[in-house]
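So this block is data-v8.tsv, TSV, C-alpha atoms:
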chain	number	residue	atom	x	y	z
A	272	MET	CA	-8.90	8.82	-10.21
A	273	ILE	CA	-7.14	6.19	-8.12
A	274	TYR	CA	-4.30	7.14	-5.79
A	275	TYR	CA	-2.20	4.31	-4.43
A	276	PHE	CA	0.89	3.48	-2.44
A	277	SER	CA	2.71	0.18	-2.73
A	278	GLY	CA	6.09	-1.36	-1.95
A	279	THR	CA	5.96	-5.03	-2.88
A	280	HIS	CA	3.25	-4.35	-5.50
A	281	ASN	CA	0.20	-5.92	-3.85
A	282	SER	CA	-1.56	-2.56	-3.75
A	283	ARG	CA	-0.18	-1.56	-7.14
A	284	TYR	CA	-1.66	-4.70	-8.66
A	285	ALA	CA	-5.03	-3.95	-7.07
A	286	ALA	CA	-4.95	-0.29	-8.14
A	287	MET	CA	-3.95	-1.06	-11.73
A	288	ARG	CA	-6.59	-3.73	-12.13
A	289	LEU	CA	-9.26	-1.51	-10.58
A	290	GLY	CA	-8.20	1.33	-12.87
A	291	SER	CA	-8.62	-0.92	-15.88
A	292	LEU	CA	-12.07	-2.10	-14.76
A	293	THR	CA	-13.41	1.31	-13.74
A	294	GLY	CA	-11.78	3.48	-16.40
A	295	GLU	CA	-10.13	5.66	-13.76
A	296	ASP	CA	-6.59	6.98	-14.11
A	297	VAL	CA	-4.11	5.55	-11.61
A	298	ARG	CA	-1.54	7.70	-9.79
A	299	PHE	CA	1.33	6.57	-7.56
A	300	ILE	CA	1.26	8.73	-4.42
A	301	PRO	CA	5.05	9.27	-4.03
A	302	ASP	CA	5.15	10.61	-7.60
A	303	THR	CA	2.01	12.75	-7.29
A	304	ASP	CA	1.85	16.39	-6.21
A	305	PRO	CA	-1.71	17.06	-5.01
A	306	TYR	CA	-1.31	20.74	-5.86
A	307	THR	CA	-1.00	19.94	-9.56
A	308	GLN	CA	-4.09	17.72	-9.63
A	309	ALA	CA	-7.22	18.84	-11.43
A	310	ILE	CA	-10.58	17.10	-11.22
A	311	ASP	CA	-12.17	16.50	-14.61
A	312	PRO	CA	-15.92	15.98	-14.07
A	313	ASN	CA	-16.21	14.54	-17.58
A	314	LYS	CA	-13.71	11.80	-16.78
A	315	ASP	CA	-13.32	11.40	-13.02
A	316	LYS	CA	-16.44	9.68	-11.71
A	317	SER	CA	-14.86	8.58	-8.45
A	318	ILE	CA	-11.73	8.89	-6.34
A	319	GLY	CA	-10.22	5.81	-4.78
A	320	PHE	CA	-7.38	5.28	-2.35
A	321	VAL	CA	-5.59	1.93	-2.45
A	322	PHE	CA	-3.00	1.21	0.21
A	323	PRO	CA	-1.44	-1.57	2.29
A	324	VAL	CA	-2.31	-1.88	5.97
A	325	TYR	CA	0.69	-1.01	8.18
A	326	ALA	CA	0.52	-2.13	11.82
A	327	TRP	CA	-3.30	-2.08	11.64
A	328	GLY	CA	-3.18	1.48	10.33
A	329	VAL	CA	-2.62	3.60	7.23
A	330	PRO	CA	0.91	4.18	5.89
A	331	PRO	CA	2.00	7.65	7.05
A	332	ILE	CA	2.85	8.62	3.46
A	333	VAL	CA	-0.82	8.15	2.51
A	334	LEU	CA	-2.09	10.21	5.45
A	335	ASP	CA	0.40	12.95	4.59
A	336	PHE	CA	-0.86	12.99	0.99
A	337	ILE	CA	-4.46	13.42	2.13
A	338	GLU	CA	-3.48	16.16	4.55
A	339	ARG	CA	-1.84	18.06	1.68
A	340	LEU	CA	-4.89	17.96	-0.61
A	341	PRO	CA	-5.55	21.60	-1.57
A	342	GLU	CA	-8.85	23.29	-0.72
A	343	LEU	CA	-9.68	23.85	-4.39
A	344	MET	CA	-9.42	20.13	-5.11
A	345	VAL	CA	-11.62	19.32	-2.10
A	346	SER	CA	-14.18	21.89	-3.28
A	347	ASN	CA	-14.24	20.35	-6.75
A	348	ILE	CA	-14.66	16.86	-5.30
A	349	ASN	CA	-17.70	17.95	-3.31
A	350	ALA	CA	-19.13	20.16	-6.05
A	351	ASP	CA	-19.02	17.27	-8.52
A	352	SER	CA	-20.35	14.80	-5.92
A	353	LEU	CA	-17.56	12.35	-6.66
A	354	PHE	CA	-17.85	8.87	-5.16
A	355	ILE	CA	-15.00	8.39	-2.65
A	356	TRP	CA	-13.85	4.87	-1.83
A	357	CYS	CA	-10.84	2.92	-0.60
A	358	VAL	CA	-9.31	-0.54	-0.72
A	359	ALA	CA	-7.02	-1.65	2.09
A	360	THR	CA	-4.79	-4.57	1.13
A	361	CYS	CA	-3.78	-6.79	4.01
A	362	GLY	CA	-2.43	-10.23	4.79
A	363	ASP	CA	-5.31	-11.08	7.11
A	364	GLU	CA	-7.04	-8.10	8.74
A	365	THR	CA	-7.18	-4.32	8.74
A	366	GLY	CA	-7.78	-3.31	12.33
A	367	MET	CA	-9.12	0.25	12.32
A	368	ALA	CA	-7.06	1.32	9.31
A	369	VAL	CA	-10.09	2.28	7.22
A	370	GLU	CA	-11.54	4.29	10.09
A	371	MET	CA	-8.19	6.09	10.33
A	372	LEU	CA	-8.44	6.97	6.64
A	373	ARG	CA	-12.07	8.03	7.05
A	374	LYS	CA	-11.13	10.45	9.83
A	375	ALA	CA	-8.30	11.91	7.75
A	376	LEU	CA	-10.68	12.50	4.84
A	377	THR	CA	-13.42	13.88	7.08
A	378	LYS	CA	-10.94	16.37	8.51
A	379	LYS	CA	-10.43	17.64	4.95
A	380	GLY	CA	-14.19	17.82	4.37
A	381	ILE	CA	-14.38	14.66	2.22
A	382	LYS	CA	-16.86	11.84	2.85
A	383	LEU	CA	-15.66	8.26	2.42
A	384	SER	CA	-18.63	6.44	0.92
A	385	ALA	CA	-17.33	2.89	0.56
A	386	SER	CA	-14.47	0.70	1.75
A	387	TRP	CA	-13.21	-2.78	1.13
A	388	SER	CA	-10.39	-4.92	2.41
A	389	LEU	CA	-8.49	-7.14	0.00
A	390	ILE	CA	-6.60	-10.16	1.29
A	391	MET	CA	-3.18	-10.45	-0.36
A	392	PRO	CA	0.04	-12.34	0.50
A	393	ASN	CA	1.79	-11.27	3.69
A	394	VAL	CA	4.92	-9.14	3.23
A	395	TYR	CA	5.86	-7.71	6.65
A	396	VAL	CA	9.03	-9.32	8.04
A	397	LEU	CA	10.53	-6.75	10.42
A	398	LEU	CA	9.16	-8.12	13.71
A	399	PRO	CA	8.99	-11.58	15.32
A	400	GLY	CA	5.70	-13.35	14.72
A	401	PHE	CA	5.33	-11.92	11.22
A	402	GLY	CA	6.50	-13.31	7.89
A	403	THR	CA	5.55	-14.38	4.41
A	404	ASP	CA	2.94	-17.00	3.62
A	405	PRO	CA	3.71	-20.54	2.52
A	406	LYS	CA	3.67	-20.79	-1.27
A	407	ASP	CA	0.31	-22.54	-1.43
A	408	ILE	CA	-1.35	-19.87	0.72
A	409	GLU	CA	0.30	-17.13	-1.33
A	410	GLU	CA	-1.03	-18.61	-4.57
A	411	LYS	CA	-4.50	-19.12	-3.05
A	412	LYS	CA	-4.68	-15.48	-1.94
A	413	LEU	CA	-3.60	-14.20	-5.35
A	414	LYS	CA	-6.13	-16.41	-7.13
A	415	GLU	CA	-8.99	-15.33	-4.88
A	416	SER	CA	-8.02	-11.66	-5.16
A	417	VAL	CA	-9.05	-11.63	-8.83
A	418	GLY	CA	-12.72	-12.24	-8.09
A	419	LYS	CA	-12.70	-9.85	-5.16
A	420	ILE	CA	-11.21	-7.05	-7.25
A	421	ASN	CA	-13.76	-7.67	-10.00
A	422	SER	CA	-16.54	-7.43	-7.42
A	423	ILE	CA	-15.13	-4.20	-5.96
A	424	ALA	CA	-14.88	-2.68	-9.44
A	425	GLU	CA	-18.55	-3.45	-10.14
A	426	LYS	CA	-19.54	-1.76	-6.89
A	427	VAL	CA	-17.37	1.27	-7.60
A	428	ASN	CA	-18.95	1.58	-11.04
A	429	SER	CA	-22.43	1.42	-9.51
A	430	LYS	CA	-21.42	3.72	-6.61
A	431	ALA	CA	-22.52	1.20	-4.03
A	432	GLU	CA	-22.09	2.60	-0.54
A	433	GLU	CA	-20.89	-0.18	1.74
A	434	ASP	CA	-18.16	-1.11	4.18
A	435	ASP	CA	-16.84	-4.60	3.60
A	436	VAL	CA	-13.73	-4.70	5.75
A	437	HIS	CA	-12.28	-7.55	7.81
A	438	LEU	CA	-11.31	-5.81	11.05
A	439	GLY	CA	-9.99	-8.86	12.86
A	440	PRO	CA	-10.15	-9.38	16.65
A	441	PHE	CA	-9.56	-6.46	19.00
A	442	PRO	CA	-9.16	-3.96	16.13
A	443	LYS	CA	-9.35	-0.80	18.26
A	444	LEU	CA	-6.79	-2.13	20.70
A	445	LYS	CA	-4.35	-3.14	17.95
A	446	THR	CA	-4.63	0.11	16.04
A	447	SER	CA	-4.52	2.38	19.09
A	448	ILE	CA	-1.51	0.67	20.66
A	449	VAL	CA	0.55	-0.93	17.90
A	450	TYR	CA	0.26	1.75	15.21
A	451	PRO	CA	1.68	4.63	17.31
A	452	LEU	CA	4.58	2.38	18.34
A	453	PHE	CA	5.13	1.44	14.72
A	454	LYS	CA	5.27	5.10	13.67
A	455	LYS	CA	7.79	5.91	16.39
A	456	TRP	CA	9.91	2.78	16.56
A	457	GLY	CA	8.83	0.58	13.66
A	458	VAL	CA	11.84	1.35	11.51
A	459	ASN	CA	15.39	1.87	12.62
A	460	THR	CA	17.12	2.76	9.36
A	461	LYS	CA	20.49	1.91	10.88
A	462	LYS	CA	19.45	-1.74	11.02
A	463	TRP	CA	19.27	-2.02	7.23
A	464	HIS	CA	22.49	-3.46	5.83
A	465	TRP	CA	23.88	-5.73	3.14
A	466	THR	CA	25.75	-8.99	3.63
A	467	ASP	CA	28.72	-10.42	1.75
A	468	ALA	CA	26.23	-12.11	-0.58
A	469	CYS	CA	25.44	-8.72	-2.17
A	470	ILE	CA	26.22	-8.65	-5.89
A	471	GLY	CA	25.66	-4.93	-6.34
A	472	CYS	CA	22.77	-5.38	-8.79
A	473	GLY	CA	20.92	-2.30	-7.56
A	474	LYS	CA	17.50	-3.99	-7.52
A	475	CYS	CA	16.91	-2.80	-3.97
A	476	ALA	CA	17.46	0.83	-4.98
A	477	ASN	CA	15.19	0.47	-8.01
A	478	ALA	CA	12.47	-1.15	-5.90
A	479	CYS	CA	12.37	1.51	-3.18
A	480	PRO	CA	9.15	3.49	-3.75
A	481	VAL	CA	10.56	6.70	-2.27
A	482	GLY	CA	14.15	6.56	-3.57
A	483	ASN	CA	15.59	6.00	-0.10
A	484	ILE	CA	18.39	3.70	-1.29
A	485	SER	CA	21.49	4.76	-3.21
A	486	ILE	CA	24.33	2.63	-4.56
A	487	ALA	CA	27.83	3.62	-3.45
A	488	GLY	CA	30.88	1.55	-4.24
A	489	GLY	CA	28.65	-1.10	-5.74
A	490	ARG	CA	26.70	-1.56	-2.49
A	491	PRO	CA	23.37	-0.18	-1.22
A	492	GLN	CA	23.19	2.64	1.29
A	493	TRP	CA	19.92	3.28	3.14
A	494	GLY	CA	18.79	6.84	3.88
A	495	ASN	CA	16.42	8.07	6.59
A	496	ASP	CA	13.21	8.19	4.54
A	497	CYS	CA	12.19	4.54	4.91
A	498	THR	CA	8.48	3.70	4.69
A	499	SER	CA	8.88	0.16	6.09
A	500	CYS	CA	7.51	-1.39	2.89
A	501	CYS	CA	10.24	-4.08	2.84
A	502	ALA	CA	10.53	-3.95	-0.96
A	503	CYS	CA	14.34	-3.82	-0.82
A	504	TYR	CA	14.41	-6.99	1.25
A	505	HIS	CA	11.92	-8.91	-0.85
A	506	VAL	CA	13.42	-8.02	-4.24
A	507	CYS	CA	17.02	-8.94	-3.34
A	508	PRO	CA	18.04	-11.94	-5.49
A	509	THR	CA	20.72	-13.11	-3.03
A	510	HIS	CA	18.80	-12.42	0.21
A	511	SER	CA	21.54	-9.93	1.07
A	512	ALA	CA	19.40	-6.94	2.05
A	513	GLN	CA	18.79	-7.52	5.74
A	514	TYR	CA	17.18	-5.74	8.69
A	515	GLY	CA	19.25	-6.52	11.75
A	516	THR	CA	19.08	-10.26	12.31
A	517	ILE	CA	15.29	-10.58	12.24
A	518	THR	CA	15.07	-11.13	8.47
A	519	LYS	CA	17.86	-13.70	8.24
A	520	ASN	CA	15.54	-16.69	7.97
A	521	MET	CA	12.44	-14.95	6.65
A	522	GLY	CA	10.89	-15.72	3.28
A	523	GLN	CA	10.57	-13.34	0.35
A	524	TYR	CA	7.63	-12.19	-1.76
A	525	TYR	CA	7.57	-9.65	-4.60
A	526	LEU	CA	4.63	-9.44	-6.99
A	527	LYS	CA	6.10	-7.25	-9.74
A	528	ASP	CA	7.37	-10.11	-11.92
A	529	GLN	CA	3.89	-11.67	-11.83
A	530	ILE	CA	1.87	-8.48	-12.05
A	531	GLN	CA	1.24	-8.41	-15.82
A	532	THR	CA	0.10	-12.01	-15.79
A	533	ASN	CA	-2.28	-11.26	-12.93
A	534	LEU	CA	-3.57	-8.10	-14.58
A	535	ASN	CA	-4.35	-10.03	-17.75
A	536	SER	CA	-5.98	-12.99	-16.00
Take the structure from the file and write it as structure tokens.
Amino acid sequence: MIYYFSGTHNSRYAAMRLGSLTGEDVRFIPDTDPYTQAIDPNKDKSIGFVFPVYAWGVPPIVLDFIERLPELMVSNINADSLFIWCVATCGDETGMAVEMLRKALTKKGIKLSASWSLIMPNVYVLLPGFGTDPKDIEEKKLKESVGKINSIAEKVNSKAEEDDVHLGPFPKLKTSIVYPLFKKWGVNTKKWHWTDACIGCGKCANACPVGNISIAGGRPQWGNDCTSCCACYHVCPTHSAQYGTITKNMGQYYLKDQIQTNLNS
């Protein structure tokens, strides 16, 4: 079983491809109730978590999902000796995100046996100093991700216990300082707005992984359940979905339209 969270589809692409290569079912975390999950020892040989790195940490929605895993499911995981692994997608580095996930799993009585980072195009645009990659870098990352995912799948299938994660410089400092600030102040939902360029297509609402956007009067309205995935911004065909003024001149990246091509490559 593979559980994943994704906004702009980098992690979805990785999870779907890994599911295909390992034979594991793939579940989208916002649509999955852990209390209805059942471990099938004849089918589930491993459990993987695939997620994007947020502020050198784990998206809160992923940590919340792990915290809600029922005791019976945890008991079945350990009784069947399932191989537990994770893939952290990131633009450049993970910080201590994987260690954060490991601690969350350990707290539930689950051992994380293997972890990998997967470099994918940058998507975060809500703070100065961040932004999307130039097109050539974006294409290079996507091309190189294919071989990396294939390699990860082989190791999952062979239950290879390893940690192959690019922490980056000063990982503990970044995760311990930036991540708590991100959780508290990283998203001000009042800053999300549309400009006069909005055509009322509703793509932003359809792209939101947690259904936080509604369409009223032909225009998007943001709720208070934002995950900071930036999908609404990246998918907007007229660059109308904006976060304050910071995203005005930022680039856009959204993998969904390319995902089937990449999955088949």
Subject >> For CA of Ile273 (chain A) and CA of Gly319 (chain A), the interatomic separation in Å (one decimal) >> reply: 4.6 Å
Subject >> Residue with smallest distance to Gln523 (chain A) - pool A:Ile408, A:Val396, A:Met391, A:Leu334, counting all atoms listed in the file >> reply: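 Smallest distance to Gln523 (chain A) is found for A:Val396.
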Subject >> Residue neighbourhood Ala375 (chain A), 9 Å, only C-alpha atoms, exclusion window fewer than 6 positions, as an NGL selection string >> reply: :A and (334 or 337-338 or 381)
**OP:** Tell me, as a count of residues only, which residues lie within 9 Å of region 276-289 of chain A, counting only C-alpha atoms; anything in the same chain fewer than 2 positions away does not count.
**Re:** 55
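A straight line drawn from CA of Phe453 (chain A) to CA of Asn495 (chain A) is 15.4 Å long.
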**OP:** Could you please determine the separation between CA of Trp387 (chain A) and CA of Asp435 (chain A) in Å, to one decimal place?
**Re:** 4.8 Å
Subject >> Proximity to Ile484 (chain A) - best of A:Gly290, A:His464, A:Cys469, A:Asp304, all atoms listed in the file >> reply: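 Using all atoms listed in the file, Ile484 (chain A) sits closest to A:His464.
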Original post:
Which one of A:Asn520, A:Met367, A:Glu415, A:Asp351 sits closest to Ile448 (chain A) if you count only C-alpha atoms?
Top reply: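 Distance minimum relative to Ile448 (chain A) lands on A:Met367.
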Original post:
What residues have an atom no more than 10 Å from (-5.2, -0.7, 18.6) in the file's own frame, counting all atoms listed in the file, and can you write them as a VMD selection string?
Top reply: chain A and resid 326 to 328 366 to 368 441 to 451
**OP:** Would you mind listing what lies within 12 Å of Leu343 (chain A) as a ChimeraX atom specification, with all atoms listed in the file counted and same-chain residues fewer than 6 positions away left out?
**Re:** /A:305-310,349-350,379-380
